[in-house]
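Report on one structure; see the data block that follows.
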Amino acid sequence: MQKTDSDSQSKFLNLGCGSTFHPSWRNLDVSPSSEEIQLWNATHGIPFDSSSVDVVYHSHLLEHLEATEGQKFLVECFRVLKTGGILRVVVPDLEDICKAYLSVLDRMEKGDASAEFDAEWMRLELYDQTTRRRSGGKMLEYLRSKPVNKSFIIERCGEQVSPILNSTDMTSVNNLTLTPIPIHLKCKLALRNLFSKNWLKEKFIRYILGEEDHHSLQNGRFWASGEGHKHMYDRFSLAKLLREVGFSSVKTVNANESKITGWSEYSLDFTSSGYPRKPDSLYMEAYKPKSPTY
């Protein structure tokens with residue numbers, strides 16, 4: 001396990017950061033999009049010493065783990081935090097999604113013609129991430145279809161979807177990855193794939209398994225990739241889980257609100273204009289209390 005206590009950035013962890021990170025934090029992700037991000041897999045534990053960091057933050061990561069995996073991951077978060085350290089968790093808000101869906105159904109019942117399109121999107125918010133079998137799923141298809149309810153979708157998902165909704169080059173948009181990967185990293189990845197001979201391996205596997213079994217293998221690979229949602233949380237279930245792990249002073253907050261020192265400087269949960277990056281989110285913070293276990 002890597003030791004990072006001497007690193008001045010190790011006091012603030014941004015786990016599963018994607019393309020949203022800050023140089024003052026230690027940023028980790030399974031698919032690094034920058035040299036400032038450390039390669040890391042959430043199911044392999046957190047590569048930091050016990051009681052060594054002040055803040056652990058992760059946004060839209062927990063829902064990609066099975067319920068039991070998620071609990072183990074939060075135990076890891078508890079372990080690496082110092083006494084009095086802060087955990088900030090951001091996940092899709094199941095309660096908010098359900099309320100929004102019921103709201104558009106009510107609008108449909110009252111004869112609002114635009115509500116039909118909004119209801120279609122809300123159904124995707126409810127089930128597509130848990131049922132998709134290819135990258136981006138039906139949500140990406142819908143975003144690419146030039147929908148008439150762009151403003152509603154942006155209100156739900158934030159400005160992160162605007163490049164897809166407004167893109168005229170659909171080949172440049174994949175899997176809701178909105179920040180371009182630097183060209184030198186693209187070249188490095190291309191060279192690695194070229195010399196790995198994965199194409200030959202895949203051709204051989206397909207020949208041995210046959211079409212049907214190879215398709216099943218691809219489905220299994222996608223499910224294991226971590227893109228899909230494997231669990232969902234509301235403010236009650238998430239707070240209960242955090243308390244069971246050992247956290248105290250559990251509180252629901254908003255994108256701009258935090259007990260983390262200097263939070264307003266980092267723009268992790270909100271844009272430079274102050275708007276939430278992912279408005280459909282549940283934000284929760286908790287503390288690690290005094291405990292003889294760690």
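Residues in the structure tokens are numbered from 1 in each chain, the chains being A, B, ... in the order shown, and ligands are numbered from 1 in the order shown.
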
Counting only C-alpha atoms, what is within 7 Å of region 152-165 of chain A, bar same-chain residues fewer than 3 positions away, as a short mmCIF file (atom, residue, chain, number, x, y, z; two decimals) with C-alpha atoms, in the first residue's frame?
```
data_model
loop_
_atom_site.label_atom_id
_atom_site.label_comp_id
_atom_site.auth_asym_id
_atom_site.auth_seq_id
_atom_site.Cartn_x
_atom_site.Cartn_y
_atom_site.Cartn_z
CA ASP A 118 -39.83 15.96 -19.54
CA LEU A 143 -29.15 13.96 -25.44
CA ARG A 144 -27.90 13.40 -28.99
CA LYS A 146 -31.68 17.22 -30.28
CA ASN A 149 -36.70 20.20 -23.72
CA VAL A 173 -18.92 13.18 -27.55
CA LEU A 178 -17.17 16.58 -21.34
CA PRO A 276 -24.29 23.36 -8.92
CA ARG A 277 -22.39 21.15 -11.37
CA LYS A 278 -24.94 18.38 -10.86
CA PRO A 279 -28.23 19.87 -9.60
CA ASP A 280 -29.85 16.44 -9.16
#
```

Note to self: With DSSP run on the backbone, what are the alpha helix (DSSP H) residues within region 11-82 of chain A? I'd like them as a ChimeraX atom specification.
What the structure shows: /A:67-80

Check: Looking at A:Asp49, A:Ser19, A:Asn256, A:Leu124, which one is nearest to Glu141 (chain A), with distances taken over only C-alpha atoms?
Finding: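 Checking each of A:Asp49, A:Ser19, A:Asn256, A:Leu124 against Glu141 (chain A), counting only C-alpha atoms, the winner is A:Leu124.
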
Checklist line | Which of region 32-152 of chain A DSSP labels strand (DSSP E), written as JSON, numbers by chain | finding: {"A": [37, 38, 39, 53, 54, 55, 56, 57, 58, 59, 81, 82, 83, 84, 85, 86, 87, 88, 89, 90, 91, 92]}

Note to self: Under the rule that only C-alpha atoms are counted, which of A:Tyr275, A:Tyr127, A:Phe270, A:Phe78 is the nearest residue to Pro289 (chain A)?
What the structure shows: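 Once distances to Pro289 (chain A) are computed over only C-alpha atoms, the minimum belongs to A:Phe78.
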
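Near Met139 (chain A), within 8 Å and counting only C-alpha atoms, sit Trp121, Leu124, Glu125 and Asp128 of chain A; same-chain residues fewer than 5 positions away were not included.
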
Saved selection, atoms kept: C-alpha atoms, as a CSV table (one decimal), in the first residue's frame:
```
chain,number,residue,atom,x,y,z
A,121,TRP,CA,-36.3,12.2,-19.6
A,124,LEU,CA,-34.3,7.7,-18.0
A,125,GLU,CA,-33.0,9.4,-14.8
A,128,ASP,CA,-31.3,4.0,-17.5
```

Next item on the list: Within 7 Å of Lys230 (chain A), counting only C-alpha atoms, which residues show up once you throw out same-chain ones fewer than 3 positions away? Write them as a list of chain:residue names, please.
Entry: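 So the residues in contact are A:Glu63, A:His64, A:Leu65, A:Glu66, A:Thr130.
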